Amino acid sequence: MTEHLYYHDSFLYEFDADVVGVSREPNSLVLDRSAFYPTSGGQVFDTGWIVAGDGKLRVTEVVEQDDGTILHLIEGTAVLQPGTRVHGQIDVERRRDHMQQHSGQHVLSAAFVQLFNMPTVSFHMGAESCSIDLDTKNLTAAQVEEVENLANDVVMQDRPVGIRFVTQEEAQGLGLRKTPPVERDKLRLIDIQDFDLTACGGTHVASTGQIGCILLRKTEKVRQGWRVEFVCGKRAVATARHDYATLAESAALSSSHIWDLPQQIRKFQEEARASRKAGEQLQEEVAGLHADQVLSEIPETGGRKVFFRVFPDRDLSYIKLLAQKLTRQNPNVIALLATTCAQPTLVFAQSAGQPFDMGALMKETLAELGGRGGGSKDMAQGGPTKIEAIAGKLAEITAKLRG
Ligand SMILES: [Zn+2]
């Protein structure tokens with residue numbers, strides 16, 4: 001078992017040790033002692049370097065095995081021999097960030113219990129934000145704000161954060177927020193003075209002031225309760241900076257103050273709705289006039305106006321509208337329309353009472369032009385695949401229907 005140096009001092013960033021094990025798959029080292037934190041209890045692993053003589057090996061991941069041995073996964077293929085004296089260096093920025101997030105989580109979880117009796121059931125540390133899952137049926141925005149307020153008071157009070165080891169028996173009467181299901185005889189307790197006492201193996205700040213600040217963000221209902229996203233310390237500053245830049249860019253686009261953005265967006269939505277409605281009305285009118293014009297150009301043969309038109313620049317919704325107008329404005333129309341823009345589509349329509357079957361005609365046509373479609377006796381629609389054959393085929397059907 002590796003001696004876990006981080007159990008006693010989270011601020012130990014450099015240490016000396018001996019190599020006691022070497023493995024190739026994956027390329028990794030075991031030391032007799034280590035300050036590298038392995039992924040555990042929601043906190044992710046440290047990275048850093050192991051220095052041996054002139055060589056510096058990059059530690060890319062740290063894993064704790066069931067027997068307490070810590071594996072240091074090494075980049076590249078360099079391998080050291082057992083017995084080699086090495087010097088370990090933790091990536092300090094990354095460790096500090098993890099200590100801020102993890103210690104912030106203790107404060108936050110305790111605040112949720114103290115104010116609303118909502119226990120934390122899990123903790124996740126992501127690359128950008130962290131989250132806890134709470135065992136509760138409901139969570140309001142006002143509760144979130146109250147918890148954030150208490151948590152930041154505890155940060156500003158700069159309470160000492162101590163580490164102590166007790167036996168399972170001694171732990172019984174201490175009122176721990178959480179006891180892990182551990183088989184070890186000794187429990188490691190993290191004590192935020194007069195605020196929270198819980199068992200945890202992670203790395204923590206020395207006093208709550210070092211957390212910097214705690215910022216709660218998105219909340220969402222999950223299967224077993226509510227998930228609360230949060231960021232602490234420098235991450236909170238980076239996140240606030242990112243949020244501000246996004247808001248400022250959006251505000252500049254609408255020439256408004258960032259606080260007026262919701263109102264601006266509502267206004268834009270209303271304008272877009274009104275303009276869409278006006279566009280639809282205009283299109284109705286245009287289609288009506290267009291239908292009049294087409295009908296005046298088509299001669300009647302055998303008491304009917306049978307014709308086809310291919311539109312390279314009108315979309316499907318327009319040619320459907322046109323088909324409706326044509327067949328309603330004249331009782332003797334059979335119109336075979338096609339659009340070749342975007343998704344090429346055929347629309348066949350006849351005035352109510354005409355004797356043909358547009359649905360059947362569409363199926364016959366697509367049997368030759370490829371694609372799928374169908375419809376009712378008076379109106380049918382389909383998407384052909386042989387685009388270049390559309391005009392020829394429609395001319396052929398028109399001639400046949402005219403008799
Ligand atoms: Zn912890």
# chains A, B, ... in the order shown; residues from 1 in each chain; ligands from 1
call {"tool": "select_by_dssp", "arguments": {"residues": "stretch 244-399 of chain A", "states": "alpha helix (DSSP H)", "output": "PyMOL selection string"}}
result
chain A and resi 244-253+261-297+316-329+358-369+390-399
call {"tool": "residues_around", "arguments": {"residues": "stretch 335-340 of chain A", "least_positions_apart": "6", "cutoff": "9 Å", "atoms": "only C-alpha atoms", "output": "VMD selection string"}}
result
chain A and resid 305 to 316 319 to 320 322 to 323 326 to 327 346 to 351 387 390 to 391 394 397 to 398
call {"tool": "write_last_selection", "arguments": {"atoms": "N, CA and C atoms", "output": "short mmCIF file (atom, residue, chain, number, x, y, z; two decimals), in the first residue's frame"}}
result
data_model
loop_
_atom_site.label_atom_id
_atom_site.label_comp_id
_atom_site.auth_asym_id
_atom_site.auth_seq_id
_atom_site.Cartn_x
_atom_site.Cartn_y
_atom_site.Cartn_z
N LYS A 305 -59.56 23.04 -67.84
CA LYS A 305 -58.24 23.67 -67.97
C LYS A 305 -57.23 22.69 -67.36
N VAL A 306 -56.57 21.92 -68.23
CA VAL A 306 -55.57 20.95 -67.77
C VAL A 306 -54.19 21.50 -68.13
N PHE A 307 -53.30 21.60 -67.15
CA PHE A 307 -51.98 22.19 -67.45
C PHE A 307 -50.95 21.79 -66.40
N PHE A 308 -49.68 22.03 -66.74
CA PHE A 308 -48.61 21.81 -65.76
C PHE A 308 -47.70 23.03 -65.71
N ARG A 309 -47.04 23.19 -64.54
CA ARG A 309 -46.07 24.28 -64.38
C ARG A 309 -44.93 23.77 -63.49
N VAL A 310 -43.68 24.06 -63.86
CA VAL A 310 -42.54 23.72 -63.00
C VAL A 310 -41.92 25.02 -62.50
N PHE A 311 -41.84 25.18 -61.19
CA PHE A 311 -41.30 26.42 -60.60
C PHE A 311 -39.91 26.18 -60.01
N PRO A 312 -38.87 26.79 -60.61
CA PRO A 312 -37.54 26.59 -60.04
C PRO A 312 -37.28 27.49 -58.81
N ASP A 313 -38.16 28.49 -58.60
CA ASP A 313 -37.85 29.48 -57.57
C ASP A 313 -38.99 29.65 -56.55
N ARG A 314 -39.92 28.72 -56.47
CA ARG A 314 -41.00 28.81 -55.48
C ARG A 314 -40.94 27.57 -54.61
N ASP A 315 -41.16 27.74 -53.30
CA ASP A 315 -41.06 26.57 -52.42
C ASP A 315 -42.37 25.81 -52.35
N LEU A 316 -42.33 24.68 -51.63
CA LEU A 316 -43.48 23.78 -51.58
C LEU A 316 -44.71 24.46 -50.99
N ILE A 319 -46.41 26.52 -53.68
CA ILE A 319 -47.11 25.84 -54.78
C ILE A 319 -48.35 25.10 -54.26
N LYS A 320 -48.35 24.70 -52.98
CA LYS A 320 -49.56 24.11 -52.40
C LYS A 320 -50.67 25.15 -52.31
N LEU A 322 -50.87 27.82 -54.15
CA LEU A 322 -51.28 28.13 -55.51
C LEU A 322 -52.26 27.06 -56.03
N ALA A 323 -51.97 25.79 -55.73
CA ALA A 323 -52.86 24.70 -56.16
C ALA A 323 -54.25 24.88 -55.56
N LEU A 326 -55.98 27.86 -57.38
CA LEU A 326 -56.35 27.51 -58.76
C LEU A 326 -57.62 26.67 -58.78
N THR A 327 -57.67 25.66 -57.89
CA THR A 327 -58.81 24.72 -57.94
C THR A 327 -60.05 25.31 -57.29
N LEU A 346 -43.72 17.37 -56.15
CA LEU A 346 -44.86 17.49 -57.07
C LEU A 346 -46.13 17.73 -56.27
N VAL A 347 -47.02 18.58 -56.79
CA VAL A 347 -48.35 18.76 -56.20
C VAL A 347 -49.37 18.66 -57.33
N PHE A 348 -50.25 17.66 -57.26
CA PHE A 348 -51.32 17.48 -58.25
C PHE A 348 -52.63 17.87 -57.59
N ALA A 349 -53.46 18.68 -58.28
CA ALA A 349 -54.73 19.10 -57.68
C ALA A 349 -55.80 19.23 -58.75
N GLN A 350 -57.03 18.87 -58.39
CA GLN A 350 -58.15 19.11 -59.31
C GLN A 350 -59.29 19.78 -58.55
N SER A 351 -60.12 20.57 -59.25
CA SER A 351 -61.28 21.21 -58.64
C SER A 351 -62.24 20.13 -58.16
N ILE A 387 -35.13 14.25 -61.05
CA ILE A 387 -35.53 15.64 -61.20
C ILE A 387 -35.58 16.06 -62.67
N ILE A 390 -38.83 15.48 -64.72
CA ILE A 390 -40.13 15.99 -64.24
C ILE A 390 -40.93 16.67 -65.35
N ALA A 391 -40.31 17.67 -66.03
CA ALA A 391 -41.05 18.47 -67.00
C ALA A 391 -41.61 17.59 -68.12
N LEU A 394 -44.58 15.49 -66.84
CA LEU A 394 -45.80 16.29 -66.60
C LEU A 394 -46.45 16.68 -67.94
N ILE A 397 -48.38 13.61 -69.14
CA ILE A 397 -49.66 13.37 -68.43
C ILE A 397 -50.69 14.42 -68.86
N THR A 398 -50.25 15.67 -68.99
CA THR A 398 -51.17 16.75 -69.38
C THR A 398 -51.84 16.41 -70.73
#
call {"tool": "residues_near_ligand", "arguments": {"ligand": "ligand 1", "cutoff": "10 Å", "atoms": "only C-alpha atoms and all ligand atoms", "output": "JSON, numbers by chain"}}
result
{"A": [40, 41, 42, 43, 99, 101, 102, 103, 104, 105, 106, 107, 123, 188, 189, 190, 191, 198, 199, 200, 201, 202, 203, 204, 205]}
call {"tool": "residues_around", "arguments": {"residues": "stretch 240-248 of chain A", "least_positions_apart": "5", "cutoff": "9 Å", "atoms": "only C-alpha atoms", "output": "PyMOL selection string"}}
result
chain A and resi 235+253+257-259+261
call {"tool": "closest_residue", "arguments": {"among": "A:Leu174, A:Ala395, A:Val144, A:Ile211", "to": "A:Gln157", "atoms": "only C-alpha atoms"}}
result
A:Ile211
call {"tool": "select_by_dssp", "arguments": {"residues": "stretch 141-204 of chain A", "states": "strand (DSSP E or B)", "output": "list in words"}}
result
Pro160, Val161, Gly162, Ile163, Arg164, Phe165, Val166, Thr167, Lys186, Leu187, Arg188, Leu189, Ile190, Asp191, Ile192, Asp196, Leu197, Thr198 and Ala199 of chain A
call {"tool": "residues_around", "arguments": {"residues": "A:Val228", "least_positions_apart": "4", "cutoff": "6 Å", "atoms": "only C-alpha atoms", "output": "list in words"}}
result
Ser131, Ile132 and Thr219 of chain A
call {"tool": "write_last_selection", "arguments": {"atoms": "N, CA and C atoms", "output": "PDB file, in the first residue's frame"}}
result
ATOM      1  N   SER A 131     -21.261  19.527  -9.818  1.00  0.00           N
ATOM      2  CA  SER A 131     -22.671  19.427  -9.445  1.00  0.00           C
ATOM      3  C   SER A 131     -22.845  18.482  -8.264  1.00  0.00           C
ATOM      4  N   ILE A 132     -23.904  18.751  -7.493  1.00  0.00           N
ATOM      5  CA  ILE A 132     -24.317  17.801  -6.465  1.00  0.00           C
ATOM      6  C   ILE A 132     -25.759  17.411  -6.764  1.00  0.00           C
ATOM      7  N   THR A 219     -30.117  24.596 -12.035  1.00  0.00           N
ATOM      8  CA  THR A 219     -30.692  23.494 -11.263  1.00  0.00           C
ATOM      9  C   THR A 219     -31.614  22.718 -12.191  1.00  0.00           C
TER      10      THR A 219
END
call {"tool": "closest_residue", "arguments": {"among": "A:Ala367, A:Val79, A:His87, A:Asp46", "to": "A:Ala17", "atoms": "only C-alpha atoms"}}
result
A:His87
call {"tool": "residues_around", "arguments": {"residues": "A:Arg24", "least_positions_apart": "6", "cutoff": "10 Å", "atoms": "only C-alpha atoms", "output": "list in words"}}
result
Leu73, Ile74, Thr77, Ala78 and Val79 of chain A
call {"tool": "residues_around", "arguments": {"residues": "A:Ala287", "least_positions_apart": "4", "cutoff": "8 Å", "atoms": "only C-alpha atoms", "output": "JSON, numbers by chain"}}
result
{"A": [283, 291, 318, 321, 322, 325]}
call {"tool": "write_last_selection", "arguments": {"atoms": "all heavy atoms", "output": "short mmCIF file (atom, residue, chain, number, x, y, z; two decimals), in the first residue's frame"}}
result
data_model
loop_
_atom_site.label_atom_id
_atom_site.label_comp_id
_atom_site.auth_asym_id
_atom_site.auth_seq_id
_atom_site.Cartn_x
_atom_site.Cartn_y
_atom_site.Cartn_z
N GLN A 283 -48.52 36.43 -49.02
CA GLN A 283 -48.37 35.28 -49.87
C GLN A 283 -49.75 34.77 -50.34
O GLN A 283 -49.89 34.38 -51.50
CB GLN A 283 -47.60 34.18 -49.14
CG GLN A 283 -47.08 33.14 -50.12
CD GLN A 283 -45.94 32.31 -49.55
OE1 GLN A 283 -46.10 31.67 -48.54
NE2 GLN A 283 -44.81 32.33 -50.20
N ALA A 291 -52.88 32.86 -59.40
CA ALA A 291 -53.85 31.88 -59.90
C ALA A 291 -54.72 32.50 -60.99
O ALA A 291 -54.94 31.90 -62.05
CB ALA A 291 -54.69 31.34 -58.76
N TYR A 318 -45.61 27.46 -51.09
CA TYR A 318 -46.23 28.36 -52.07
C TYR A 318 -46.99 27.59 -53.15
O TYR A 318 -48.11 27.94 -53.49
CB TYR A 318 -45.20 29.30 -52.71
CG TYR A 318 -45.85 30.26 -53.67
CD1 TYR A 318 -46.50 31.40 -53.21
CD2 TYR A 318 -45.86 30.00 -55.05
CE1 TYR A 318 -47.14 32.26 -54.08
CE2 TYR A 318 -46.49 30.86 -55.93
CZ TYR A 318 -47.14 31.99 -55.44
OH TYR A 318 -47.78 32.84 -56.30
N LEU A 321 -50.25 26.35 -51.87
CA LEU A 321 -51.20 27.46 -51.77
C LEU A 321 -51.77 27.79 -53.16
O LEU A 321 -52.98 27.98 -53.32
CB LEU A 321 -50.45 28.67 -51.19
CG LEU A 321 -51.25 29.84 -50.64
CD1 LEU A 321 -52.20 29.37 -49.56
CD2 LEU A 321 -50.29 30.90 -50.09
N LEU A 322 -50.87 27.82 -54.15
CA LEU A 322 -51.28 28.13 -55.51
C LEU A 322 -52.26 27.06 -56.03
O LEU A 322 -53.28 27.39 -56.67
CB LEU A 322 -50.05 28.22 -56.42
CG LEU A 322 -50.30 28.59 -57.88
CD1 LEU A 322 -50.93 29.98 -57.98
CD2 LEU A 322 -49.00 28.55 -58.69
N LYS A 325 -55.65 27.75 -54.57
CA LYS A 325 -56.30 28.92 -55.20
C LYS A 325 -56.81 28.55 -56.59
O LYS A 325 -57.94 28.90 -56.96
CB LYS A 325 -55.32 30.09 -55.31
CG LYS A 325 -54.78 30.59 -53.98
CD LYS A 325 -55.80 31.40 -53.24
CE LYS A 325 -55.25 31.86 -51.89
NZ LYS A 325 -56.30 32.36 -51.01
#
call {"tool": "closest_residue", "arguments": {"among": "A:Leu289, A:Ala360, A:Cys213, A:Ala52", "to": "A:Asp158", "atoms": "only C-alpha atoms"}}
result
A:Cys213
call {"tool": "atom_distance", "arguments": {"atom1": "atom CA of A:Gly48", "atom2": "atom CA of A:Thr60"}}
result
7.2 Å
call {"tool": "decode", "arguments": {"residues": "stretch 354-394 of chain A", "atoms": "N, CA and C atoms", "output": "PDB file, in the first residue's frame"}}
result
ATOM      1  N   GLN A 354     -64.240  17.059 -60.218  1.00  0.00           N
ATOM      2  CA  GLN A 354     -63.588  16.563 -61.438  1.00  0.00           C
ATOM      3  C   GLN A 354     -63.378  15.052 -61.305  1.00  0.00           C
ATOM      4  N   PRO A 355     -63.300  14.332 -62.435  1.00  0.00           N
ATOM      5  CA  PRO A 355     -63.413  12.863 -62.370  1.00  0.00           C
ATOM      6  C   PRO A 355     -62.105  12.095 -62.134  1.00  0.00           C
ATOM      7  N   PHE A 356     -60.956  12.774 -62.134  1.00  0.00           N
ATOM      8  CA  PHE A 356     -59.709  12.001 -62.038  1.00  0.00           C
ATOM      9  C   PHE A 356     -59.374  11.670 -60.572  1.00  0.00           C
ATOM     10  N   ASP A 357     -58.276  10.929 -60.376  1.00  0.00           N
ATOM     11  CA  ASP A 357     -57.840  10.574 -59.022  1.00  0.00           C
ATOM     12  C   ASP A 357     -56.375  10.991 -58.862  1.00  0.00           C
ATOM     13  N   MET A 358     -56.172  12.119 -58.191  1.00  0.00           N
ATOM     14  CA  MET A 358     -54.823  12.695 -58.084  1.00  0.00           C
ATOM     15  C   MET A 358     -53.877  11.774 -57.299  1.00  0.00           C
ATOM     16  N   GLY A 359     -54.416  11.131 -56.238  1.00  0.00           N
ATOM     17  CA  GLY A 359     -53.591  10.209 -55.419  1.00  0.00           C
ATOM     18  C   GLY A 359     -53.057   9.078 -56.281  1.00  0.00           C
ATOM     19  N   ALA A 360     -53.931   8.473 -57.078  1.00  0.00           N
ATOM     20  CA  ALA A 360     -53.520   7.354 -57.940  1.00  0.00           C
ATOM     21  C   ALA A 360     -52.561   7.840 -59.020  1.00  0.00           C
ATOM     22  N   LEU A 361     -52.851   9.024 -59.575  1.00  0.00           N
ATOM     23  CA  LEU A 361     -51.995   9.599 -60.623  1.00  0.00           C
ATOM     24  C   LEU A 361     -50.581   9.865 -60.085  1.00  0.00           C
ATOM     25  N   MET A 362     -50.519  10.337 -58.822  1.00  0.00           N
ATOM     26  CA  MET A 362     -49.217  10.608 -58.191  1.00  0.00           C
ATOM     27  C   MET A 362     -48.425   9.309 -58.057  1.00  0.00           C
ATOM     28  N   LYS A 363     -49.082   8.249 -57.616  1.00  0.00           N
ATOM     29  CA  LYS A 363     -48.393   6.949 -57.444  1.00  0.00           C
ATOM     30  C   LYS A 363     -47.858   6.441 -58.782  1.00  0.00           C
ATOM     31  N   GLU A 364     -48.689   6.555 -59.835  1.00  0.00           N
ATOM     32  CA  GLU A 364     -48.259   6.125 -61.173  1.00  0.00           C
ATOM     33  C   GLU A 364     -47.039   6.934 -61.628  1.00  0.00           C
ATOM     34  N   THR A 365     -47.126   8.250 -61.397  1.00  0.00           N
ATOM     35  CA  THR A 365     -46.045   9.136 -61.847  1.00  0.00           C
ATOM     36  C   THR A 365     -44.731   8.818 -61.130  1.00  0.00           C
ATOM     37  N   LEU A 366     -44.829   8.583 -59.814  1.00  0.00           N
ATOM     38  CA  LEU A 366     -43.616   8.317 -59.034  1.00  0.00           C
ATOM     39  C   LEU A 366     -43.049   6.934 -59.330  1.00  0.00           C
ATOM     40  N   ALA A 367     -43.896   6.039 -59.846  1.00  0.00           N
ATOM     41  CA  ALA A 367     -43.387   4.728 -60.255  1.00  0.00           C
ATOM     42  C   ALA A 367     -42.343   4.924 -61.351  1.00  0.00           C
ATOM     43  N   GLU A 368     -42.501   6.014 -62.129  1.00  0.00           N
ATOM     44  CA  GLU A 368     -41.513   6.315 -63.170  1.00  0.00           C
ATOM     45  C   GLU A 368     -40.436   7.275 -62.726  1.00  0.00           C
ATOM     46  N   LEU A 369     -40.832   8.258 -61.888  1.00  0.00           N
ATOM     47  CA  LEU A 369     -39.864   9.298 -61.491  1.00  0.00           C
ATOM     48  C   LEU A 369     -39.107   8.954 -60.211  1.00  0.00           C
ATOM     49  N   GLY A 370     -39.462   7.823 -59.572  1.00  0.00           N
ATOM     50  CA  GLY A 370     -38.816   7.446 -58.305  1.00  0.00           C
ATOM     51  C   GLY A 370     -39.398   8.254 -57.159  1.00  0.00           C
ATOM     52  N   GLY A 371     -39.064   7.865 -55.928  1.00  0.00           N
ATOM     53  CA  GLY A 371     -39.524   8.616 -54.759  1.00  0.00           C
ATOM     54  C   GLY A 371     -40.853   8.123 -54.240  1.00  0.00           C
ATOM     55  N   ARG A 372     -41.367   8.828 -53.216  1.00  0.00           N
ATOM     56  CA  ARG A 372     -42.606   8.396 -52.564  1.00  0.00           C
ATOM     57  C   ARG A 372     -43.606   9.518 -52.449  1.00  0.00           C
ATOM     58  N   GLY A 373     -44.897   9.153 -52.383  1.00  0.00           N
ATOM     59  CA  GLY A 373     -45.915  10.171 -52.210  1.00  0.00           C
ATOM     60  C   GLY A 373     -47.293   9.585 -52.344  1.00  0.00           C
ATOM     61  N   GLY A 374     -48.316  10.448 -52.266  1.00  0.00           N
ATOM     62  CA  GLY A 374     -49.688   9.997 -52.373  1.00  0.00           C
ATOM     63  C   GLY A 374     -50.621  11.103 -51.946  1.00  0.00           C
ATOM     64  N   GLY A 375     -51.894  10.782 -51.808  1.00  0.00           N
ATOM     65  CA  GLY A 375     -52.834  11.808 -51.369  1.00  0.00           C
ATOM     66  C   GLY A 375     -54.258  11.374 -51.627  1.00  0.00           C
ATOM     67  N   SER A 376     -55.165  12.353 -51.662  1.00  0.00           N
ATOM     68  CA  SER A 376     -56.588  12.062 -51.828  1.00  0.00           C
ATOM     69  C   SER A 376     -56.959  12.168 -53.318  1.00  0.00           C
ATOM     70  N   LYS A 377     -58.244  12.067 -53.566  1.00  0.00           N
ATOM     71  CA  LYS A 377     -58.728  12.137 -54.948  1.00  0.00           C
ATOM     72  C   LYS A 377     -58.442  13.517 -55.561  1.00  0.00           C
ATOM     73  N   ASP A 378     -58.580  14.578 -54.749  1.00  0.00           N
ATOM     74  CA  ASP A 378     -58.444  15.932 -55.305  1.00  0.00           C
ATOM     75  C   ASP A 378     -57.068  16.582 -55.108  1.00  0.00           C
ATOM     76  N   MET A 379     -56.261  16.038 -54.190  1.00  0.00           N
ATOM     77  CA  MET A 379     -54.967  16.693 -53.935  1.00  0.00           C
ATOM     78  C   MET A 379     -53.928  15.647 -53.525  1.00  0.00           C
ATOM     79  N   ALA A 380     -52.736  15.687 -54.166  1.00  0.00           N
ATOM     80  CA  ALA A 380     -51.689  14.717 -53.829  1.00  0.00           C
ATOM     81  C   ALA A 380     -50.319  15.378 -53.900  1.00  0.00           C
ATOM     82  N   GLN A 381     -49.387  14.766 -53.179  1.00  0.00           N
ATOM     83  CA  GLN A 381     -48.049  15.355 -53.092  1.00  0.00           C
ATOM     84  C   GLN A 381     -47.016  14.246 -53.096  1.00  0.00           C
ATOM     85  N   GLY A 382     -45.846  14.504 -53.706  1.00  0.00           N
ATOM     86  CA  GLY A 382     -44.819  13.468 -53.722  1.00  0.00           C
ATOM     87  C   GLY A 382     -43.450  14.050 -54.010  1.00  0.00           C
ATOM     88  N   GLY A 383     -42.406  13.329 -53.606  1.00  0.00           N
ATOM     89  CA  GLY A 383     -41.025  13.795 -53.814  1.00  0.00           C
ATOM     90  C   GLY A 383     -40.317  12.899 -54.807  1.00  0.00           C
ATOM     91  N   PRO A 384     -40.196  13.318 -56.078  1.00  0.00           N
ATOM     92  CA  PRO A 384     -39.532  12.479 -57.082  1.00  0.00           C
ATOM     93  C   PRO A 384     -38.010  12.521 -56.921  1.00  0.00           C
ATOM     94  N   THR A 385     -37.340  11.473 -57.408  1.00  0.00           N
ATOM     95  CA  THR A 385     -35.873  11.466 -57.344  1.00  0.00           C
ATOM     96  C   THR A 385     -35.245  11.804 -58.699  1.00  0.00           C
ATOM     97  N   LYS A 386     -35.971  11.511 -59.817  1.00  0.00           N
ATOM     98  CA  LYS A 386     -35.408  11.844 -61.142  1.00  0.00           C
ATOM     99  C   LYS A 386     -35.864  13.249 -61.539  1.00  0.00           C
ATOM    100  N   ILE A 387     -35.127  14.245 -61.054  1.00  0.00           N
ATOM    101  CA  ILE A 387     -35.527  15.636 -61.203  1.00  0.00           C
ATOM    102  C   ILE A 387     -35.578  16.063 -62.671  1.00  0.00           C
ATOM    103  N   GLU A 388     -34.559  15.611 -63.455  1.00  0.00           N
ATOM    104  CA  GLU A 388     -34.450  16.068 -64.838  1.00  0.00           C
ATOM    105  C   GLU A 388     -35.606  15.564 -65.711  1.00  0.00           C
ATOM    106  N   ALA A 389     -36.329  14.528 -65.219  1.00  0.00           N
ATOM    107  CA  ALA A 389     -37.421  13.952 -66.024  1.00  0.00           C
ATOM    108  C   ALA A 389     -38.780  14.558 -65.696  1.00  0.00           C
ATOM    109  N   ILE A 390     -38.832  15.483 -64.720  1.00  0.00           N
ATOM    110  CA  ILE A 390     -40.127  15.992 -64.238  1.00  0.00           C
ATOM    111  C   ILE A 390     -40.929  16.673 -65.355  1.00  0.00           C
ATOM    112  N   ALA A 391     -40.309  17.670 -66.026  1.00  0.00           N
ATOM    113  CA  ALA A 391     -41.055  18.471 -67.004  1.00  0.00           C
ATOM    114  C   ALA A 391     -41.613  17.593 -68.124  1.00  0.00           C
ATOM    115  N   GLY A 392     -40.801  16.671 -68.649  1.00  0.00           N
ATOM    116  CA  GLY A 392     -41.220  15.792 -69.725  1.00  0.00           C
ATOM    117  C   GLY A 392     -42.400  14.924 -69.315  1.00  0.00           C
ATOM    118  N   LYS A 393     -42.314  14.392 -68.093  1.00  0.00           N
ATOM    119  CA  LYS A 393     -43.368  13.497 -67.611  1.00  0.00           C
ATOM    120  C   LYS A 393     -44.681  14.273 -67.405  1.00  0.00           C
ATOM    121  N   LEU A 394     -44.584  15.491 -66.843  1.00  0.00           N
ATOM    122  CA  LEU A 394     -45.797  16.288 -66.598  1.00  0.00           C
ATOM    123  C   LEU A 394     -46.450  16.678 -67.936  1.00  0.00           C
TER     124      LEU A 394
END
